[in-house]
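Structure data follow from my_file_8.cif (mmCIF, C-alpha atoms):
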data_final
loop_
_atom_site.group_PDB
_atom_site.id
_atom_site.type_symbol
_atom_site.label_atom_id
_atom_site.label_comp_id
_atom_site.auth_asym_id
_atom_site.auth_seq_id
_atom_site.Cartn_x
_atom_site.Cartn_y
_atom_site.Cartn_z
ATOM 1 C CA MET A 13 126.615 126.631 123.587
ATOM 2 C CA ALA A 14 127.991 123.158 122.800
ATOM 3 C CA SER A 15 125.367 120.587 122.015
ATOM 4 C CA LYS A 16 124.866 117.793 124.499
ATOM 5 C CA SER A 17 126.121 114.438 123.234
ATOM 6 C CA VAL A 18 123.695 111.535 123.155
ATOM 7 C CA PRO A 19 124.899 108.008 124.065
ATOM 8 C CA PRO A 20 125.030 105.752 120.961
ATOM 9 C CA THR A 21 122.464 103.262 122.338
ATOM 10 C CA THR A 22 119.950 106.014 123.118
ATOM 11 C CA ALA A 23 120.457 107.622 119.747
ATOM 12 C CA ARG A 24 119.990 104.326 117.940
ATOM 13 C CA VAL A 25 116.712 103.468 119.664
ATOM 14 C CA GLY A 26 115.493 107.051 119.484
ATOM 15 C CA ARG A 27 115.612 107.105 115.717
ATOM 16 C CA VAL A 28 112.962 104.391 115.513
ATOM 17 C CA ARG A 29 109.696 106.269 116.061
ATOM 18 C CA LEU A 30 106.409 104.947 117.322
ATOM 19 C CA ARG A 31 104.705 105.802 114.057
ATOM 20 C CA ARG A 32 107.085 103.346 112.422
ATOM 21 C CA ALA A 33 105.678 100.650 114.674
ATOM 22 C CA ALA A 34 102.152 101.621 113.656
ATOM 23 C CA ILE A 35 103.055 101.244 109.978
ATOM 24 C CA MET A 36 104.543 97.796 110.617
ATOM 25 C CA ALA A 37 101.495 96.675 112.580
ATOM 26 C CA GLY A 38 99.457 96.383 109.374
ATOM 27 C CA PRO A 39 100.447 93.222 107.530
ATOM 28 C CA ALA A 40 101.463 90.705 110.206
ATOM 29 C CA ALA A 41 103.071 88.409 107.658
ATOM 30 C CA ALA A 42 105.345 91.192 106.426
ATOM 31 C CA ALA A 43 106.319 92.053 109.981
ATOM 32 C CA ALA A 44 107.165 88.454 110.681
ATOM 33 C CA ALA A 45 109.349 88.418 107.594
ATOM 34 C CA VAL A 46 111.282 91.403 108.960
ATOM 35 C CA LEU A 47 112.048 89.580 112.214
ATOM 36 C CA VAL A 48 112.590 86.089 110.829
ATOM 37 C CA VAL A 49 114.397 86.492 107.518
ATOM 38 C CA LEU A 50 113.587 83.536 105.296
ATOM 39 C CA THR A 51 116.092 83.022 102.490
ATOM 40 C CA ALA A 52 116.931 80.220 100.122
ATOM 41 C CA GLN A 53 120.561 80.207 101.247
ATOM 42 C CA GLY A 54 122.002 79.188 104.588
ATOM 43 C CA ALA A 55 124.740 81.804 104.558
ATOM 44 C CA ILE A 56 126.093 84.566 106.751
ATOM 45 C CA ALA A 57 124.265 87.879 106.921
ATOM 46 C CA ALA A 58 126.853 89.621 104.757
ATOM 47 C CA GLN A 59 124.576 88.542 101.902
ATOM 48 C CA PHE A 60 122.283 91.458 102.828
ATOM 49 C CA SER A 61 122.596 94.780 104.652
ATOM 50 C CA ILE A 62 121.530 94.521 108.285
ATOM 51 C CA SER A 63 119.384 97.214 109.905
ATOM 52 C CA GLY A 64 121.847 97.566 112.770
ATOM 53 C CA ILE A 65 119.074 97.135 115.345
ATOM 54 C CA PRO A 66 119.649 93.997 117.456
ATOM 55 C CA PHE A 67 116.828 91.604 118.309
ATOM 56 C CA THR A 68 116.452 89.038 121.077
ATOM 57 C CA VAL A 69 115.828 85.321 120.581
ATOM 58 C CA THR A 70 115.070 82.894 123.420
ATOM 59 C CA ALA A 71 114.113 79.222 123.477
ATOM 60 C CA LYS A 72 113.541 76.691 126.211
ATOM 61 C CA GLN A 73 115.701 74.279 124.248
ATOM 62 C CA LEU A 74 117.554 74.172 120.931
ATOM 63 C CA GLN A 75 118.619 70.857 119.414
ATOM 64 C CA GLY A 76 120.702 70.724 116.266
ATOM 65 C CA ASN A 77 122.507 68.342 113.933
ATOM 66 C CA GLY A 78 125.532 69.613 112.027
ATOM 67 C CA PHE A 79 126.839 72.560 114.067
ATOM 68 C CA GLU A 80 129.463 75.113 112.970
ATOM 69 C CA GLN A 81 130.554 78.380 114.588
ATOM 70 C CA TYR A 82 133.050 81.087 113.644
ATOM 71 C CA GLY A 83 133.497 84.863 113.584
ATOM 72 C CA GLY A 84 131.902 87.205 111.078
ATOM 73 C CA LEU A 85 131.322 90.829 110.181
ATOM 74 C CA ASP A 86 127.875 92.218 109.287
ATOM 75 C CA ASN A 87 127.420 95.434 107.318
ATOM 76 C CA MET A 88 124.689 98.072 107.364
ATOM 77 C CA ALA A 89 123.516 99.958 104.295
ATOM 78 C CA ASP A 90 125.566 103.017 103.359
ATOM 79 C CA GLY A 91 124.475 106.030 105.398
ATOM 80 C CA SER A 92 122.406 103.954 107.843
ATOM 81 C CA PRO A 93 121.145 106.133 110.741
ATOM 82 C CA ASN A 94 121.853 103.216 113.081
ATOM 83 C CA ALA A 95 125.583 103.105 112.352
ATOM 84 C CA GLY A 96 126.534 105.374 115.266
ATOM 85 C CA ASP A 97 130.273 105.081 115.875
ATOM 86 C CA THR A 98 130.492 101.507 114.533
ATOM 87 C CA GLY A 99 131.354 102.511 110.987
ATOM 88 C CA GLY A 100 128.275 100.585 109.856
ATOM 89 C CA GLN A 101 129.685 97.214 110.895
ATOM 90 C CA GLU A 102 128.969 94.740 113.687
ATOM 91 C CA VAL A 103 131.324 91.960 114.788
ATOM 92 C CA VAL A 104 129.285 88.776 115.268
ATOM 93 C CA VAL A 105 129.547 85.091 116.048
ATOM 94 C CA VAL A 106 128.094 83.059 113.180
ATOM 95 C CA SER A 107 126.340 79.870 114.312
ATOM 96 C CA ALA A 108 125.268 77.513 111.520
ATOM 97 C CA ILE A 109 123.092 74.431 112.126
ATOM 98 C CA LYS A 110 122.118 72.038 109.336
ATOM 99 C CA ASP A 111 118.875 70.933 111.027
ATOM 100 C CA ALA A 112 117.514 72.530 114.196
ATOM 101 C CA THR A 113 114.450 72.405 116.427
ATOM 102 C CA LEU A 114 113.562 75.057 119.003
ATOM 103 C CA THR A 115 111.032 74.637 121.800
ATOM 104 C CA ASP A 116 109.083 77.659 123.050
ATOM 105 C CA LEU A 117 110.683 80.200 120.701
ATOM 106 C CA CYS A 118 110.388 83.912 121.458
ATOM 107 C CA GLN A 119 111.784 86.674 119.262
ATOM 108 C CA SER A 120 111.482 90.394 119.931
ATOM 109 C CA VAL A 121 112.793 93.732 118.680
ATOM 110 C CA ASN A 122 112.560 97.115 120.371
ATOM 111 C CA LEU A 123 110.947 99.604 117.969
ATOM 112 C CA GLY A 124 111.383 102.600 120.246
ATOM 113 C CA GLY A 125 108.832 102.523 123.057
ATOM 114 C CA ILE A 126 107.200 99.256 122.009
ATOM 115 C CA ASN A 127 108.392 95.711 121.309
ATOM 116 C CA MET A 128 107.296 93.527 118.418
ATOM 117 C CA VAL A 129 107.178 89.958 119.776
ATOM 118 C CA ILE A 130 106.893 86.679 117.876
ATOM 119 C CA ARG A 131 106.196 83.393 119.662
ATOM 120 C CA ALA A 132 106.038 79.908 118.130
ATOM 121 C CA GLY A 133 106.604 76.277 119.010
ATOM 122 C CA THR A 134 104.920 76.610 122.388
ATOM 123 C CA GLY A 135 102.783 73.483 121.921
ATOM 124 C CA SER A 136 103.724 69.876 121.201
ATOM 125 C CA THR A 137 105.382 70.728 117.854
ATOM 126 C CA PRO A 138 108.649 72.712 118.050
ATOM 127 C CA VAL A 139 109.926 75.270 115.565
ATOM 128 C CA SER A 140 112.086 73.595 112.911
ATOM 129 C CA ALA A 141 114.690 75.041 110.567
ATOM 130 C CA HIS A 142 117.022 73.747 107.855
ATOM 131 C CA ASP A 143 120.343 75.491 107.177
ATOM 132 C CA LEU A 144 119.750 77.873 110.080
ATOM 133 C CA VAL A 145 122.353 80.629 110.482
ATOM 134 C CA THR A 146 122.333 83.262 113.232
ATOM 135 C CA ASP A 147 124.666 86.241 113.546
ATOM 136 C CA SER A 148 124.937 87.044 117.257
ATOM 137 C CA SER A 149 126.733 89.458 119.563
ATOM 138 C CA VAL A 150 125.660 87.560 122.717
ATOM 139 C CA ILE A 151 124.811 83.863 123.256
ATOM 140 C CA SER A 152 124.019 82.266 126.611
ATOM 141 C CA GLY A 153 122.538 79.002 127.892
ATOM 142 C CA ASP A 154 123.513 75.515 129.053
ATOM 143 C CA ALA A 155 125.223 73.874 126.080
ATOM 144 C CA GLY A 156 126.302 70.331 125.227
ATOM 145 C CA PHE A 157 128.062 69.009 122.115
ATOM 146 C CA LYS A 158 128.812 65.634 120.542
ATOM 147 C CA ASN A 159 132.142 65.083 118.756
ATOM 148 C CA ILE A 160 133.173 68.728 118.968
ATOM 149 C CA GLU A 161 136.282 70.046 117.194
ATOM 150 C CA ILE A 162 137.627 73.379 118.472
ATOM 151 C CA GLY A 163 140.173 75.554 116.700
ATOM 152 C CA GLY A 164 139.644 74.405 113.132
ATOM 153 C CA ASP A 165 139.888 76.566 110.017
ATOM 154 C CA ALA A 166 136.300 77.662 109.326
ATOM 155 C CA SER A 167 136.766 77.316 105.557
ATOM 156 C CA THR A 168 137.327 73.562 105.938
ATOM 157 C CA PHE A 169 134.226 72.724 108.006
ATOM 158 C CA THR A 170 132.092 69.791 106.865
ATOM 159 C CA LYS A 171 129.483 69.242 109.620
ATOM 160 C CA GLY A 172 126.992 71.697 108.096
ATOM 161 C CA ASP A 173 126.416 73.591 104.863
ATOM 162 C CA SER A 174 128.150 76.841 105.854
ATOM 163 C CA LYS A 175 131.816 77.791 105.691
ATOM 164 C CA GLY A 176 133.703 80.766 107.093
ATOM 165 C CA PRO A 177 136.632 82.684 105.592
ATOM 166 C CA SER A 178 139.953 80.912 105.194
ATOM 167 C CA GLY A 179 142.061 81.160 108.350
ATOM 168 C CA ASP A 180 139.132 81.974 110.648
ATOM 169 C CA PHE A 181 139.179 80.237 114.040
ATOM 170 C CA GLY A 182 136.054 78.158 114.634
ATOM 171 C CA GLN A 183 134.487 75.019 116.025
ATOM 172 C CA GLN A 184 132.156 72.333 114.718
ATOM 173 C CA ALA A 185 130.277 69.369 116.191
ATOM 174 C CA ASP A 186 127.988 66.540 115.131
ATOM 175 C CA THR A 187 125.219 67.759 117.458
ATOM 176 C CA VAL A 188 124.460 70.674 119.779
ATOM 177 C CA THR A 189 121.908 71.043 122.570
ATOM 178 C CA ILE A 190 121.353 74.352 124.366
ATOM 179 C CA ASP A 191 118.890 74.678 127.232
ATOM 180 C CA ASN A 192 117.586 78.138 128.206
ATOM 181 C CA LEU A 193 118.989 79.678 125.039
ATOM 182 C CA ARG A 194 119.225 83.457 124.835
ATOM 183 C CA GLN A 195 120.749 85.349 121.899
ATOM 184 C CA THR A 196 121.213 88.947 120.847
ATOM 185 C CA ASN A 197 121.154 88.722 117.049
ATOM 186 C CA TYR A 198 121.683 91.041 114.108
ATOM 187 C CA ALA A 199 120.512 88.571 111.467
ATOM 188 C CA THR A 200 118.906 85.158 111.025
ATOM 189 C CA THR A 201 118.687 83.193 107.794
ATOM 190 C CA ALA A 202 117.344 79.741 106.962
ATOM 191 C CA ALA A 203 116.600 77.685 103.879
ATOM 192 C CA THR A 204 113.326 76.653 105.541
ATOM 193 C CA PHE A 205 111.790 77.870 108.800
ATOM 194 C CA LYS A 206 108.560 76.355 110.129
ATOM 195 C CA LEU A 207 106.863 78.175 113.028
ATOM 196 C CA PRO A 208 103.859 76.210 114.357
ATOM 197 C CA GLY A 209 101.462 78.275 116.449
ATOM 198 C CA LEU A 210 102.959 81.575 115.234
ATOM 199 C CA HIS A 211 101.701 84.554 117.227
ATOM 200 C CA LEU A 212 102.806 88.154 116.627
ATOM 201 C CA SER A 213 101.960 90.981 119.037
ATOM 202 C CA PHE A 214 103.171 94.360 120.289
ATOM 203 C CA LYS A 215 104.100 94.553 123.969
ATOM 204 C CA ASN A 216 105.810 96.824 126.457
ATOM 205 C CA ASN A 217 108.348 94.112 127.243
ATOM 206 C CA GLY A 218 110.323 91.855 124.925
ATOM 207 C CA CYS A 219 111.469 88.261 125.385
#
If you took the structure in this file and wrote it as structure tokens, what would it be?
Amino acid sequence: MASKSVPPTTARVGRVRLRRAAIMAGPAAAAAAVLVVLTAQGAIAAQFSISGIPFTVTAKQLQGNGFEQYGGLDNMADGSPNAGDTGGQEVVVVSAIKDATLTDLCQSVNLGGINMVIRAGTGSTPVSAHDLVTDSSVISGDAGFKNIEIGGDASTFTKGDSKGPSGDFGQQADTVTIDNLRQTNYATTAATFKLPGLHLSFKNNGC
């Protein structure tokens, strides 16, 4: 009898077992580091192998100075069980912001039956980041830009500290504001990332 095929999304989530979540529940600081990757370089996620499991980021408002955006390609580790039929690669939009603040930040990842949720910046002090770079498959919200340039070569950008490959189509602006931000991300990097009021928990629902 032929085996029944399993949809790629179901297979990907199914491989992450509940006992994995229990292991991660131990050191909260380590778990936070998994969700919010803190690196000394504001660069695209190709600098490390992504897990291939997307995570959700929301914020009431994002404000940024020095905005750049262009296409990118993220790679999973060789033989990753999350590769499915992607060949171990994910096409992403790279958004780089020199200095950013985020109000009411929520970040969550589905671990297979339970969501690990991080909240920060819910009080009077917002989350702040320097050389923030996100690799996203979906971005939504109400956006506004100051002095935007659309269609430039990403390798020539000067508004922030990140550059894309030569010939890549992109856009850059002096400032960006996004209300009701929602992203599906595969990676986040920042030179510095300050999360006032950080709270990590496990919930049935994500952000």
Task: Who sits within 6 Å of stretch 204-213 of chain A, only C-alpha atoms, same chain under 5 positions skipped, as a ChimeraX atom specification - done: /A:128-133,139-142
Emit the selected residues as a PDB file, in the coordinates of the input, including C-alpha atoms.
ATOM      1  CA  MET A 128     107.296  93.527 118.418  1.00  0.00           C
ATOM      2  CA  VAL A 129     107.178  89.958 119.776  1.00  0.00           C
ATOM      3  CA  ILE A 130     106.893  86.679 117.876  1.00  0.00           C
ATOM      4  CA  ARG A 131     106.196  83.393 119.662  1.00  0.00           C
ATOM      5  CA  ALA A 132     106.038  79.908 118.130  1.00  0.00           C
ATOM      6  CA  GLY A 133     106.604  76.277 119.010  1.00  0.00           C
ATOM      7  CA  VAL A 139     109.926  75.270 115.565  1.00  0.00           C
ATOM      8  CA  SER A 140     112.086  73.595 112.911  1.00  0.00           C
ATOM      9  CA  ALA A 141     114.690  75.041 110.567  1.00  0.00           C
ATOM     10  CA  HIS A 142     117.022  73.747 107.855  1.00  0.00           C
TER      11      HIS A 142
END
Write out as a tab-separated table a residue-level contact list of stretch 109-158 of chain A versus stretch 193-202 of chain A with cut-off 12 Å: for each qualifying residue the closest pair of atoms and the distance in Å to one decimal, counting all atoms listed in the file, rows sorted by chain and residue number upward.
residue	atom	partner	partner_atom	distance
A:Ile109	CA	A:Ala202	CA	9.4
A:Lys110	CA	A:Ala202	CA	9.4
A:Asp111	CA	A:Ala202	CA	9.8
A:Ala112	CA	A:Ala202	CA	10.2
A:Leu114	CA	A:Leu193	CA	9.3
A:Thr115	CA	A:Leu193	CA	10.0
A:Asp116	CA	A:Leu193	CA	10.3
A:Leu117	CA	A:Leu193	CA	9.4
A:Cys118	CA	A:Arg194	CA	9.5
A:Gln119	CA	A:Gln195	CA	9.4
A:Ser120	CA	A:Thr196	CA	9.9
A:Val121	CA	A:Asn197	CA	9.9
A:Asn122	CA	A:Thr196	CA	11.9
A:Ser140	CA	A:Ala202	CA	10.0
A:Ala141	CA	A:Ala202	CA	6.5
A:His142	CA	A:Ala202	CA	6.1
A:Asp143	CA	A:Ala202	CA	5.2
A:Leu144	CA	A:Ala202	CA	4.4
A:Val145	CA	A:Thr201	CA	5.2
A:Thr146	CA	A:Thr200	CA	4.5
A:Asp147	CA	A:Ala199	CA	5.2
A:Ser148	CA	A:Asn197	CA	4.1
A:Ser149	CA	A:Thr196	CA	5.7
A:Val150	CA	A:Thr196	CA	5.0
A:Ile151	CA	A:Gln195	CA	4.5
A:Ser152	CA	A:Arg194	CA	5.2
A:Gly153	CA	A:Leu193	CA	4.6
A:Asp154	CA	A:Leu193	CA	7.3
A:Ala155	CA	A:Leu193	CA	8.6
A:Gly156	CA	A:Leu193	CA	11.9
Just to be explicit: take each residue in the selection above, keep C-alpha atoms, and write the result as a compact mmCIF listing (two decimals), in the frame of the given file.
# COMPACT_ATOMS: atom_id res chain seq x y z
CA ILE A 109 123.09 74.43 112.13
CA LYS A 110 122.12 72.04 109.34
CA ASP A 111 118.88 70.93 111.03
CA ALA A 112 117.51 72.53 114.20
CA LEU A 114 113.56 75.06 119.00
CA THR A 115 111.03 74.64 121.80
CA ASP A 116 109.08 77.66 123.05
CA LEU A 117 110.68 80.20 120.70
CA CYS A 118 110.39 83.91 121.46
CA GLN A 119 111.78 86.67 119.26
CA SER A 120 111.48 90.39 119.93
CA VAL A 121 112.79 93.73 118.68
CA ASN A 122 112.56 97.12 120.37
CA SER A 140 112.09 73.60 112.91
CA ALA A 141 114.69 75.04 110.57
CA HIS A 142 117.02 73.75 107.86
CA ASP A 143 120.34 75.49 107.18
CA LEU A 144 119.75 77.87 110.08
CA VAL A 145 122.35 80.63 110.48
CA THR A 146 122.33 83.26 113.23
CA ASP A 147 124.67 86.24 113.55
CA SER A 148 124.94 87.04 117.26
CA SER A 149 126.73 89.46 119.56
CA VAL A 150 125.66 87.56 122.72
CA ILE A 151 124.81 83.86 123.26
CA SER A 152 124.02 82.27 126.61
CA GLY A 153 122.54 79.00 127.89
CA ASP A 154 123.51 75.52 129.05
CA ALA A 155 125.22 73.87 126.08
CA GLY A 156 126.30 70.33 125.23
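Using only C-alpha atoms for every distance, the candidate list A:Ser61, A:Ile126, A:Ser167, A:Thr113 yields A:Thr113 as the residue closest to A:Gln73.
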Task: Residue IDs satisfying the PyMOL selection byres ((chain A and resi 80-85) around 10), as number ranges by chain - done: A: 56-58, 77-79, 86-87, 101-110, 145-148, 160-167, 169-177, 180-188
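Our summary of the geometry notes that atom CA of A:Leu123 is positioned 27.8 Å from atom CA of A:Asp191.
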- [ ] Could you tell me how far atom CA of A:Pro66 lies from atom CA of A:Gly91, in Å and to one decimal?
- [x]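 Atom CA of A:Pro66 sits 17.7 Å away from atom CA of A:Gly91.
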Task: Gap from atom CA of A:Gly100 to atom CA of A:Phe214 - Å, one decimal - done: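 A separation of 27.9 Å between them.
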Open item on the list: Measuring between only C-alpha atoms, which one of A:Asn159, A:Thr189, A:Thr168, A:Ser63 shows the shortest distance to A:Gln75?
Closed with: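 Among the listed residues, the smallest separation from A:Gln75 belongs to A:Thr189.
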TODO: For a cut-off of 8 Å around (113.0, 86.7, 127.6), file coordinates, pick out all residues using all atoms listed in the file and list them as number ranges by chain.
DONE: A: 68-70, 118, 194, 218-219
